[in-house]
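Asks: One structure coming up, written as structure tokens, with questions to follow.
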2 protein chains.
Amino acid sequence: MSPRSSAALRGNILDSARRLFSERGYEATSLQDIASDVGCSKASLLYHFKNKDALLIELLTPVTRRLAGLLDEVAPLAGEALVRATVSALVDSAVEYRLEIRLLFEDLPRLPHRPELNLVPDTTERTLDCLTGRSRDPRARVAAWMVLTGIALTAGASADAALGDDVSDTDLRQGLIDAALRALGH
Amino acid sequence: MSPRSSAALRGNILDSARRLFSERGYEATSLQDIASDVGCSKASLLYHFKNKDALLIELLTPVTRRLAGLLDEVAPLAGEALVRATVSALVDSAVEYRLEIRLLFEDLPRLPHRPELNLVPDTTERTLDCLTGRSRDPRARVAAWMVLTGIALTAGASADAALGDDVSDTDLRQGLIDAALRALGH
DNA sequence: GTCAAATCTGTCCGATCGGTCAGTTACGGT
DNA sequence: ACCGTAACTGACCGATCGGACAGATTTGAC
């Protein structure tokens, strides 16, 4: 067998897992699917990652850290400045981490409780607060939820061209920011 | 065994399947899960529905018909009237069919091709057209996609109280309509 | 009551799931 | 050349998957 460097194979596994998880869903993707895609054995895959969950967690950690950092950055702001900064940073994160965002919003909530990723619901709650400008009005929260999920899913959908391949990243980014700010009343 | 009427059991199976599919995802829900929830055997379940796919299709047919009908109703309209009517009807459908909408937008696109449900992508495309007021501008399409997925996911999330249980259906409905219209520039 | 049809279930099937493990191969330091 | 260790794999495990099927049970028409 052609031996690659350990780090390279690890990276290839993560790339395949990210793509397949995002396309078919976490539960619907088997370890064998990933191994076949990467060109190694399932046992080799489990040599680099102790189980399937570890693979998912390693994929999601960067984006959850980024989202948490985002919240810290906008924390001192208030009013319209808060909303604008949150939307802008959120869209940037969503476009950069399209595939992972999809896992975060579509797969994770439907998985049986994962104690290692409990930061997510709290992050979601704090993000909603920022999007409403710290309002507690129910309809403002509904609007914020629509914006949040809409951004996440639209960025995710753009990955597999469901949106149409004529949409550039610039249009995606600016279209999302503008629509989100309008939806939130700015 | 306590024999219920055939129609009643069929209905109970559909109810359980709708709830479990929506909560855990279609692939992650087994026929045994549904049978246990309903209180019958897996074999009995397969007596009423020829396979797992048939269950999903029967759950989705009403909402896809409704969405198709919605499009026919607004077809003669144009401009702002078109957008307003589409958003209003879309939100109503999403709130009424919360659970099914979730399957439609989260599970179906990630399933291997289902020829029986090919009407869906076309319906999505036509809905996007209505939401943009028949515009082909890429950023308008992005906004429409954000609104469409946002409405679907927000209505779906409200089913398992992820949004917070203090949001009434009225707030949900009106909050979605207002936010969507603002996002679309009205 | 009788009997055919409808309803229901226990049991089995092959496939695949995530995961383990013993053993093989290749690599780097000495 | 040698050897410890890291990298890798085939074979296997118990569990569970969607589904098939023969037979038991219940029902309704007569």
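Identifiers for the structure tokens are assigned positionally: chains receive A, B, ... in sequence, residues are indexed from 1 per chain, and ligands are indexed from 1 in the order shown.
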Any chance you could fit chain A onto chain B with least squares, all Cα atoms in order, and share the moved copy as an mmCIF file with C-alpha atoms, in the first residue's frame?

Replies:
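The result, written out as part_36.cif:
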```
data_model
loop_
_atom_site.group_PDB
_atom_site.id
_atom_site.type_symbol
_atom_site.label_atom_id
_atom_site.label_comp_id
_atom_site.auth_asym_id
_atom_site.auth_seq_id
_atom_site.Cartn_x
_atom_site.Cartn_y
_atom_site.Cartn_z
ATOM 1 C CA MET A 1 -54.087 -8.384 20.421
ATOM 2 C CA SER A 2 -56.525 -5.513 20.549
ATOM 3 C CA PRO A 3 -57.714 -4.991 17.013
ATOM 4 C CA ARG A 4 -58.385 -1.400 16.104
ATOM 5 C CA SER A 5 -59.969 -0.317 12.909
ATOM 6 C CA SER A 6 -57.580 -0.380 10.034
ATOM 7 C CA ALA A 7 -57.957 3.308 9.327
ATOM 8 C CA ALA A 8 -57.234 4.224 12.941
ATOM 9 C CA LEU A 9 -53.980 2.276 13.058
ATOM 10 C CA ARG A 10 -52.955 3.692 9.719
ATOM 11 C CA GLY A 11 -53.535 7.166 11.094
ATOM 12 C CA ASN A 12 -51.582 6.449 14.252
ATOM 13 C CA ILE A 13 -48.695 5.145 12.201
ATOM 14 C CA LEU A 14 -48.670 8.284 10.087
ATOM 15 C CA ASP A 15 -48.784 10.463 13.207
ATOM 16 C CA SER A 16 -45.868 8.678 14.826
ATOM 17 C CA ALA A 17 -43.861 8.644 11.622
ATOM 18 C CA ARG A 18 -44.430 12.350 11.095
ATOM 19 C CA ARG A 19 -43.281 13.178 14.595
ATOM 20 C CA LEU A 20 -40.278 10.855 14.667
ATOM 21 C CA PHE A 21 -39.104 11.649 11.139
ATOM 22 C CA SER A 22 -39.288 15.331 11.967
ATOM 23 C CA GLU A 23 -37.502 15.004 15.301
ATOM 24 C CA ARG A 24 -34.694 12.620 14.395
ATOM 25 C CA GLY A 25 -34.635 12.743 10.614
ATOM 26 C CA TYR A 26 -35.887 10.254 8.058
ATOM 27 C CA GLU A 27 -32.743 8.145 7.796
ATOM 28 C CA ALA A 28 -32.177 8.129 11.537
ATOM 29 C CA THR A 29 -35.653 6.801 12.277
ATOM 30 C CA SER A 30 -36.122 3.048 11.916
ATOM 31 C CA LEU A 31 -39.361 1.248 11.182
ATOM 32 C CA GLN A 32 -38.972 -0.405 14.569
ATOM 33 C CA ASP A 33 -38.862 3.025 16.230
ATOM 34 C CA ILE A 34 -42.192 3.894 14.652
ATOM 35 C CA ALA A 35 -43.746 0.523 15.411
ATOM 36 C CA SER A 36 -42.707 0.746 19.080
ATOM 37 C CA ASP A 37 -44.074 4.266 19.345
ATOM 38 C CA VAL A 38 -47.383 3.271 17.828
ATOM 39 C CA GLY A 39 -47.573 0.013 19.767
ATOM 40 C CA CYS A 40 -47.701 -2.469 16.934
ATOM 41 C CA SER A 41 -45.272 -4.785 15.213
ATOM 42 C CA LYS A 42 -42.938 -3.737 12.448
ATOM 43 C CA ALA A 43 -44.586 -6.340 10.224
ATOM 44 C CA SER A 44 -47.971 -4.765 10.820
ATOM 45 C CA LEU A 45 -46.557 -1.422 9.849
ATOM 46 C CA LEU A 46 -45.342 -2.905 6.587
ATOM 47 C CA TYR A 47 -48.777 -4.402 6.022
ATOM 48 C CA HIS A 48 -50.278 -0.912 5.835
ATOM 49 C CA PHE A 49 -47.391 0.720 3.942
ATOM 50 C CA LYS A 50 -45.459 -1.190 1.378
ATOM 51 C CA ASN A 51 -42.109 0.241 2.473
ATOM 52 C CA LYS A 52 -40.431 3.086 4.333
ATOM 53 C CA ASP A 53 -40.412 5.373 1.307
ATOM 54 C CA ALA A 54 -44.170 4.994 0.877
ATOM 55 C CA LEU A 55 -44.575 6.308 4.412
ATOM 56 C CA LEU A 56 -42.526 9.394 3.637
ATOM 57 C CA ILE A 57 -44.283 10.005 0.338
ATOM 58 C CA GLU A 58 -47.712 9.769 1.919
ATOM 59 C CA LEU A 59 -46.620 12.280 4.558
ATOM 60 C CA LEU A 60 -45.288 14.728 1.991
ATOM 61 C CA THR A 61 -47.997 14.510 -0.651
ATOM 62 C CA PRO A 62 -50.508 16.826 1.093
ATOM 63 C CA VAL A 63 -47.990 19.604 1.621
ATOM 64 C CA THR A 64 -46.528 19.379 -1.873
ATOM 65 C CA ARG A 65 -50.036 19.547 -3.341
ATOM 66 C CA ARG A 66 -50.783 22.527 -1.171
ATOM 67 C CA LEU A 67 -47.615 24.306 -2.247
ATOM 68 C CA ALA A 68 -48.374 23.567 -5.884
ATOM 69 C CA GLY A 69 -51.909 24.924 -5.452
ATOM 70 C CA LEU A 70 -50.495 28.002 -3.797
ATOM 71 C CA LEU A 71 -48.367 28.688 -6.843
ATOM 72 C CA ASP A 72 -51.341 28.365 -9.172
ATOM 73 C CA GLU A 73 -53.324 30.832 -7.096
ATOM 74 C CA VAL A 74 -50.695 33.547 -7.156
ATOM 75 C CA ALA A 75 -49.700 32.902 -10.765
ATOM 76 C CA PRO A 76 -51.931 35.668 -12.245
ATOM 77 C CA LEU A 77 -50.490 38.268 -9.889
ATOM 78 C CA ALA A 78 -47.436 40.420 -10.439
ATOM 79 C CA GLY A 79 -45.245 42.945 -8.678
ATOM 80 C CA GLU A 80 -45.766 43.657 -4.993
ATOM 81 C CA ALA A 81 -49.172 41.936 -4.925
ATOM 82 C CA LEU A 82 -47.494 38.730 -6.103
ATOM 83 C CA VAL A 83 -44.822 38.875 -3.433
ATOM 84 C CA ARG A 84 -47.250 39.700 -0.625
ATOM 85 C CA ALA A 85 -49.657 36.927 -1.584
ATOM 86 C CA THR A 86 -46.843 34.399 -1.936
ATOM 87 C CA VAL A 87 -45.289 35.227 1.404
ATOM 88 C CA SER A 88 -48.608 35.142 3.204
ATOM 89 C CA ALA A 89 -49.680 31.816 1.722
ATOM 90 C CA LEU A 90 -46.230 30.359 2.200
ATOM 91 C CA VAL A 91 -46.127 31.241 5.874
ATOM 92 C CA ASP A 92 -49.602 29.818 6.377
ATOM 93 C CA SER A 93 -48.564 26.558 4.765
ATOM 94 C CA ALA A 94 -45.349 26.392 6.750
ATOM 95 C CA VAL A 95 -47.098 26.967 10.069
ATOM 96 C CA GLU A 96 -49.830 24.457 9.264
ATOM 97 C CA TYR A 97 -47.441 21.790 8.004
ATOM 98 C CA ARG A 98 -44.506 22.499 10.327
ATOM 99 C CA LEU A 99 -43.307 18.942 10.592
ATOM 100 C CA GLU A 100 -43.740 18.033 6.947
ATOM 101 C CA ILE A 101 -42.022 21.218 5.821
ATOM 102 C CA ARG A 102 -39.013 20.196 7.807
ATOM 103 C CA LEU A 103 -38.854 16.868 6.002
ATOM 104 C CA LEU A 104 -39.285 18.647 2.709
ATOM 105 C CA PHE A 105 -36.418 21.080 3.226
ATOM 106 C CA GLU A 106 -34.028 19.121 5.416
ATOM 107 C CA ASP A 107 -34.395 15.447 4.633
ATOM 108 C CA LEU A 108 -35.598 15.177 1.072
ATOM 109 C CA PRO A 109 -32.767 17.110 -0.608
ATOM 110 C CA ARG A 110 -30.177 14.849 1.001
ATOM 111 C CA LEU A 111 -31.880 11.584 0.097
ATOM 112 C CA PRO A 112 -30.778 9.633 -2.952
ATOM 113 C CA HIS A 113 -32.952 10.572 -5.904
ATOM 114 C CA ARG A 114 -36.649 9.872 -5.372
ATOM 115 C CA PRO A 115 -38.318 9.990 -8.808
ATOM 116 C CA GLU A 116 -41.777 10.064 -7.198
ATOM 117 C CA LEU A 117 -41.068 13.457 -5.644
ATOM 118 C CA ASN A 118 -39.437 15.242 -8.497
ATOM 119 C CA LEU A 119 -42.084 17.938 -8.412
ATOM 120 C CA VAL A 120 -40.265 19.435 -5.445
ATOM 121 C CA PRO A 121 -37.257 21.082 -7.117
ATOM 122 C CA ASP A 122 -39.516 22.590 -9.756
ATOM 123 C CA THR A 123 -41.860 23.894 -7.045
ATOM 124 C CA THR A 124 -38.910 25.414 -5.228
ATOM 125 C CA GLU A 125 -37.779 27.166 -8.371
ATOM 126 C CA ARG A 126 -41.227 28.599 -9.075
ATOM 127 C CA THR A 127 -41.584 29.724 -5.465
ATOM 128 C CA LEU A 128 -38.279 31.574 -5.698
ATOM 129 C CA ASP A 129 -39.568 33.358 -8.787
ATOM 130 C CA CYS A 130 -42.680 34.515 -6.976
ATOM 131 C CA LEU A 131 -40.719 35.706 -3.952
ATOM 132 C CA THR A 132 -38.443 37.845 -6.110
ATOM 133 C CA GLY A 133 -41.408 39.214 -8.066
ATOM 134 C CA ARG A 134 -40.072 37.324 -11.090
ATOM 135 C CA SER A 135 -36.720 39.046 -10.872
ATOM 136 C CA ARG A 136 -33.598 37.242 -12.047
ATOM 137 C CA ASP A 137 -31.182 39.407 -10.131
ATOM 138 C CA PRO A 138 -28.775 37.080 -8.295
ATOM 139 C CA ARG A 139 -28.935 38.996 -5.034
ATOM 140 C CA ALA A 140 -32.718 39.017 -5.142
ATOM 141 C CA ARG A 141 -32.581 35.255 -5.597
ATOM 142 C CA VAL A 142 -30.267 34.934 -2.628
ATOM 143 C CA ALA A 143 -32.675 36.981 -0.524
ATOM 144 C CA ALA A 144 -35.594 34.839 -1.697
ATOM 145 C CA TRP A 145 -33.715 31.670 -0.830
ATOM 146 C CA MET A 146 -32.905 32.994 2.623
ATOM 147 C CA VAL A 147 -36.556 33.858 3.161
ATOM 148 C CA LEU A 148 -37.808 30.526 1.884
ATOM 149 C CA THR A 149 -35.467 28.381 3.951
ATOM 150 C CA GLY A 150 -35.785 30.718 6.919
ATOM 151 C CA ILE A 151 -39.572 30.403 6.930
ATOM 152 C CA ALA A 152 -39.424 26.646 6.570
ATOM 153 C CA LEU A 153 -36.840 26.081 9.295
ATOM 154 C CA THR A 154 -38.326 28.583 11.736
ATOM 155 C CA ALA A 155 -41.753 27.002 11.481
ATOM 156 C CA GLY A 156 -40.144 23.588 11.854
ATOM 157 C CA ALA A 157 -38.069 24.645 14.852
ATOM 158 C CA SER A 158 -41.137 26.011 16.596
ATOM 159 C CA ALA A 159 -42.480 22.456 16.661
ATOM 160 C CA ASP A 160 -39.899 21.222 19.129
ATOM 161 C CA ALA A 161 -39.701 24.438 21.124
ATOM 162 C CA ALA A 162 -36.157 25.186 20.003
ATOM 163 C CA LEU A 163 -37.313 28.736 19.437
ATOM 164 C CA GLY A 164 -38.634 29.145 22.921
ATOM 165 C CA ASP A 165 -42.109 28.188 24.060
ATOM 166 C CA ASP A 166 -43.223 31.741 24.706
ATOM 167 C CA VAL A 167 -43.799 32.359 21.000
ATOM 168 C CA SER A 168 -47.474 32.058 20.081
ATOM 169 C CA ASP A 169 -48.644 30.916 16.680
ATOM 170 C CA THR A 170 -49.898 34.422 15.979
ATOM 171 C CA ASP A 171 -46.503 35.917 16.723
ATOM 172 C CA LEU A 172 -44.843 33.222 14.678
ATOM 173 C CA ARG A 173 -47.080 33.844 11.687
ATOM 174 C CA GLN A 174 -46.987 37.623 11.747
ATOM 175 C CA GLY A 175 -43.317 37.776 12.678
ATOM 176 C CA LEU A 176 -42.440 35.600 9.709
ATOM 177 C CA ILE A 177 -44.619 37.537 7.258
ATOM 178 C CA ASP A 178 -43.251 40.909 8.354
ATOM 179 C CA ALA A 179 -39.626 39.795 8.359
ATOM 180 C CA ALA A 180 -39.965 38.088 4.995
ATOM 181 C CA LEU A 181 -41.549 41.114 3.324
ATOM 182 C CA ARG A 182 -38.884 43.389 4.745
ATOM 183 C CA ALA A 183 -36.140 41.055 3.568
ATOM 184 C CA LEU A 184 -37.631 41.060 0.078
ATOM 185 C CA GLY A 185 -37.701 44.858 0.050
ATOM 186 C CA HIS A 186 -41.341 45.638 0.822
#
```

Asks: With chain A as the partner and 9 Å as the cut-off, tabulate the residues of chain C that qualify, each row holding the nearest pair of atoms and their distance in Å to one decimal, using only C-alpha atoms (C1' of nucleotides), sorted by chain and rising number, as a Markdown table.

Replies:
```
| residue | atom | partner | partner_atom | distance |
| --- | --- | --- | --- | --- |
| C:DC17 | C1' | A:Ser30 | CA | 7.5 |
| C:DG18 | C1' | A:Lys52 | CA | 7.7 |
| C:DG19 | C1' | A:Asn51 | CA | 7.7 |
| C:DT25 | C1' | A:Met1 | CA | 8.4 |
| C:DA26 | C1' | A:Pro3 | CA | 7.6 |
```

Asks: Could you please determine the separation between C1' of DA24 (chain D) and C1' of DG10 (chain C) in Å, to one decimal place?

Replies: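 Distance between the two atoms: 9.9 Å.
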
Asks: Can you tell me which residues surround DA5 (chain C) at a distance of at most 12 Å, considering only C-alpha atoms (C1' of nucleotides), apart from same-chain residues fewer than 5 positions away, and format the answer as a list in words?

Replies: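 Using only C-alpha atoms (C1' of nucleotides), the neighbours found are DT26, DT27, DG28 and DA29 of chain D.
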
Asks: Deliver the residues from the most recent selection as a file, using C-alpha atoms (C1' of nucleotides), as a short mmCIF file (atom, residue, chain, number, x, y, z; two decimals), in the first residue's frame.

Replies:
```
data_model
loop_
_atom_site.label_atom_id
_atom_site.label_comp_id
_atom_site.auth_asym_id
_atom_site.auth_seq_id
_atom_site.Cartn_x
_atom_site.Cartn_y
_atom_site.Cartn_z
"C1'" DT D 26 -60.17 -11.30 13.86
"C1'" DT D 27 -63.92 -9.51 11.20
"C1'" DG D 28 -68.08 -9.09 8.55
"C1'" DA D 29 -71.43 -11.06 5.23
#
```

Asks: Could you find all residues in region 16-183 of chain A that DSSP calls helix (DSSP H, G or I) from the backbone, and write them as a ChimeraX atom specification?

Replies: /A:16-24,31-38,42-48,52-74,79-96,98-110,115-117,119-131,138-159,169-183

Asks: Any chance you can output those residues with C-alpha atoms as a CSV table (one decimal), in the first residue's frame?

Replies:
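Dumped to part30.csv:
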```csv
chain,number,residue,atom,x,y,z
A,16,SER,CA,-14.1,13.6,2.5
A,17,ALA,CA,-16.1,13.4,5.7
A,18,ARG,CA,-16.9,17.1,5.5
A,19,ARG,CA,-18.2,16.8,1.9
A,20,LEU,CA,-20.1,13.5,2.4
A,21,PHE,CA,-21.6,14.5,5.8
A,22,SER,CA,-22.8,17.8,4.3
A,23,GLU,CA,-24.2,16.2,1.1
A,24,ARG,CA,-26.0,13.1,2.6
A,31,LEU,CA,-17.6,5.1,7.8
A,32,GLN,CA,-17.2,2.8,4.8
A,33,ASP,CA,-18.5,5.6,2.5
A,34,ILE,CA,-15.8,7.9,3.7
A,35,ALA,CA,-13.1,5.3,3.6
A,36,SER,CA,-14.0,4.4,0.0
A,37,ASP,CA,-14.0,8.0,-1.0
A,38,VAL,CA,-10.6,8.6,0.5
A,42,LYS,CA,-12.4,1.7,7.3
A,43,ALA,CA,-10.0,0.3,10.0
A,44,SER,CA,-7.4,2.9,8.9
A,45,LEU,CA,-9.9,5.6,9.3
A,46,LEU,CA,-10.7,4.4,12.8
A,47,TYR,CA,-6.9,4.5,13.5
A,48,HIS,CA,-6.8,8.2,13.0
A,52,LYS,CA,-17.5,8.5,14.1
A,53,ASP,CA,-18.5,11.2,16.6
A,54,ALA,CA,-14.9,12.3,16.9
A,55,LEU,CA,-14.8,13.0,13.2
A,56,LEU,CA,-17.9,15.2,13.5
A,57,ILE,CA,-16.6,17.0,16.5
A,58,GLU,CA,-13.3,17.7,14.9
A,59,LEU,CA,-15.1,19.1,11.8
A,60,LEU,CA,-17.4,21.3,13.9
A,61,THR,CA,-14.9,22.7,16.5
A,62,PRO,CA,-13.3,25.4,14.2
A,63,VAL,CA,-16.7,26.8,13.2
A,64,THR,CA,-18.1,26.8,16.8
A,65,ARG,CA,-14.9,28.5,18.0
A,66,ARG,CA,-15.2,31.1,15.3
A,67,LEU,CA,-18.9,31.7,16.1
A,68,ALA,CA,-18.0,32.0,19.8
A,69,GLY,CA,-15.2,34.5,19.0
A,70,LEU,CA,-17.6,36.5,16.8
A,71,LEU,CA,-20.0,36.9,19.8
A,72,ASP,CA,-17.2,38.1,22.0
A,73,GLU,CA,-16.2,40.7,19.4
A,74,VAL,CA,-19.6,42.2,19.1
A,79,GLY,CA,-28.2,49.1,18.9
A,80,GLU,CA,-27.8,49.2,15.2
A,81,ALA,CA,-24.0,48.9,15.3
A,82,LEU,CA,-24.4,45.6,17.1
A,83,VAL,CA,-26.9,44.2,14.6
A,84,ARG,CA,-24.8,45.3,11.6
A,85,ALA,CA,-21.6,43.8,13.0
A,86,THR,CA,-23.3,40.6,13.9
A,87,VAL,CA,-24.9,40.1,10.5
A,88,SER,CA,-21.7,40.9,8.7
A,89,ALA,CA,-19.6,38.6,10.7
A,90,LEU,CA,-22.2,35.9,10.7
A,91,VAL,CA,-22.5,35.9,6.9
A,92,ASP,CA,-18.7,35.8,6.5
A,93,SER,CA,-18.6,32.8,8.8
A,94,ALA,CA,-21.4,31.1,7.0
A,95,VAL,CA,-19.9,31.6,3.6
A,96,GLU,CA,-16.5,30.5,4.7
A,98,ARG,CA,-20.6,26.5,4.3
A,99,LEU,CA,-20.4,22.8,4.8
A,100,GLU,CA,-19.8,22.8,8.5
A,101,ILE,CA,-22.6,25.3,9.0
A,102,ARG,CA,-25.0,22.9,7.4
A,103,LEU,CA,-24.0,20.1,9.8
A,104,LEU,CA,-24.4,22.6,12.7
A,105,PHE,CA,-27.9,23.6,11.8
A,106,GLU,CA,-29.3,20.5,10.1
A,107,ASP,CA,-27.6,17.5,11.6
A,108,LEU,CA,-26.6,18.4,15.1
A,109,PRO,CA,-30.0,19.4,16.5
A,110,ARG,CA,-31.5,16.1,15.4
A,115,PRO,CA,-22.5,16.6,25.7
A,116,GLU,CA,-19.2,17.6,24.0
A,117,LEU,CA,-21.1,20.1,21.8
A,119,LEU,CA,-21.9,25.1,23.6
A,120,VAL,CA,-24.0,25.2,20.5
A,121,PRO,CA,-27.5,25.9,21.9
A,122,ASP,CA,-26.1,28.6,24.1
A,123,THR,CA,-24.3,30.2,21.1
A,124,THR,CA,-27.5,30.1,19.2
A,125,GLU,CA,-29.3,31.9,22.0
A,126,ARG,CA,-26.6,34.6,22.2
A,127,THR,CA,-26.6,35.1,18.5
A,128,LEU,CA,-30.4,35.6,18.5
A,129,ASP,CA,-29.9,38.3,21.1
A,130,CYS,CA,-27.4,40.1,19.0
A,131,LEU,CA,-29.5,39.9,15.9
A,138,PRO,CA,-41.3,37.6,20.3
A,139,ARG,CA,-41.7,38.8,16.7
A,140,ALA,CA,-38.2,40.2,16.7
A,141,ARG,CA,-37.0,36.8,17.9
A,142,VAL,CA,-38.9,35.1,15.1
A,143,ALA,CA,-37.4,37.4,12.6
A,144,ALA,CA,-33.9,36.8,14.0
A,145,TRP,CA,-34.5,33.0,13.9
A,146,MET,CA,-35.6,33.3,10.2
A,147,VAL,CA,-32.5,35.3,9.4
A,148,LEU,CA,-30.1,33.0,11.3
A,149,THR,CA,-31.4,29.8,9.7
A,150,GLY,CA,-31.9,31.4,6.4
A,151,ILE,CA,-28.3,32.5,6.3
A,152,ALA,CA,-27.0,29.1,7.4
A,153,LEU,CA,-29.1,27.1,4.9
A,154,THR,CA,-28.6,29.5,2.0
A,155,ALA,CA,-24.8,29.4,2.4
A,156,GLY,CA,-25.0,25.6,2.7
A,157,ALA,CA,-27.2,25.2,-0.3
A,158,SER,CA,-24.8,27.3,-2.4
A,159,ALA,CA,-22.3,24.5,-1.8
A,169,ASP,CA,-19.7,34.5,-3.7
A,170,THR,CA,-19.8,38.2,-3.8
A,171,ASP,CA,-23.5,38.2,-4.7
A,172,LEU,CA,-24.1,35.5,-2.1
A,173,ARG,CA,-22.4,37.5,0.7
A,174,GLN,CA,-23.9,40.9,-0.1
A,175,GLY,CA,-27.3,39.5,-0.9
A,176,LEU,CA,-27.4,37.8,2.4
A,177,ILE,CA,-26.2,40.8,4.4
A,178,ASP,CA,-28.7,43.2,2.7
A,179,ALA,CA,-31.6,40.8,3.1
A,180,ALA,CA,-30.8,40.1,6.7
A,181,LEU,CA,-30.5,43.7,7.7
A,182,ARG,CA,-33.8,44.5,5.9
A,183,ALA,CA,-35.5,41.6,7.6
```

Asks: With a cut-off of 8 Å and counting only C-alpha atoms (C1' of nucleotides), select all residues of chain D in contact with chain B and give the selection as a VMD selection string.

Replies: chain D and resid 17 to 19 26

Asks: Emit the selected residues as a short mmCIF file (atom, residue, chain, number, x, y, z; two decimals), in the first residue's frame, including C-alpha atoms (C1' of nucleotides).

Replies:
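Saved to out_13.cif:
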```cif
data_model
loop_
_atom_site.label_atom_id
_atom_site.label_comp_id
_atom_site.auth_asym_id
_atom_site.auth_seq_id
_atom_site.Cartn_x
_atom_site.Cartn_y
_atom_site.Cartn_z
"C1'" DC D 17 -31.35 -2.12 9.35
"C1'" DG D 18 -35.46 -2.65 5.70
"C1'" DG D 19 -38.08 -6.13 4.15
"C1'" DT D 26 -60.17 -11.30 13.86
#
```

Asks: Contacts of DG23 (chain C) at 12 Å or less, counting only C-alpha atoms (C1' of nucleotides), minus same-chain residues fewer than 4 places along, as a list of chain:residue names?

Replies: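 In the requested form, the answer reads D:DC8, D:DT9, D:DG10, D:DA11.
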
Asks: Could you write out that same residue set with C-alpha atoms (C1' of nucleotides) as a PDB file, in the first residue's frame?

Replies:
```
ATOM      1  C1'  DC D   8      -2.258   0.354   8.065  1.00  0.00           C
ATOM      2  C1'  DT D   9      -5.341  -3.626   6.999  1.00  0.00           C
ATOM      3  C1'  DG D  10      -8.361  -8.053   6.691  1.00  0.00           C
ATOM      4  C1'  DA D  11     -11.217 -10.469   9.277  1.00  0.00           C
TER       5       DA D  11
END
```

Asks: Rounded to one decimal in Å, what is the spacing between C1' of DC13 (chain D) and C1' of DC21 (chain C)?

Replies: 10.3 Å

Asks: Contacts of DC12 (chain C) at 12 Å or less, counting only C-alpha atoms (C1' of nucleotides), minus same-chain residues fewer than 6 places along, as a JSON list (two decimals) with C-alpha atoms (C1' of nucleotides), in the first residue's frame?

Replies:
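New file result14.json:
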```
[["chain", "number", "residue", "atom", "x", "y", "z"],
["D", 19, "DG", "C1'", -38.08, -6.13, 4.15],
["D", 20, "DA", "C1'", -40.33, -11.04, 3.06],
["D", 21, "DC", "C1'", -43.41, -14.62, 4.31],
["D", 22, "DA", "C1'", -46.17, -18.21, 6.29]]
```
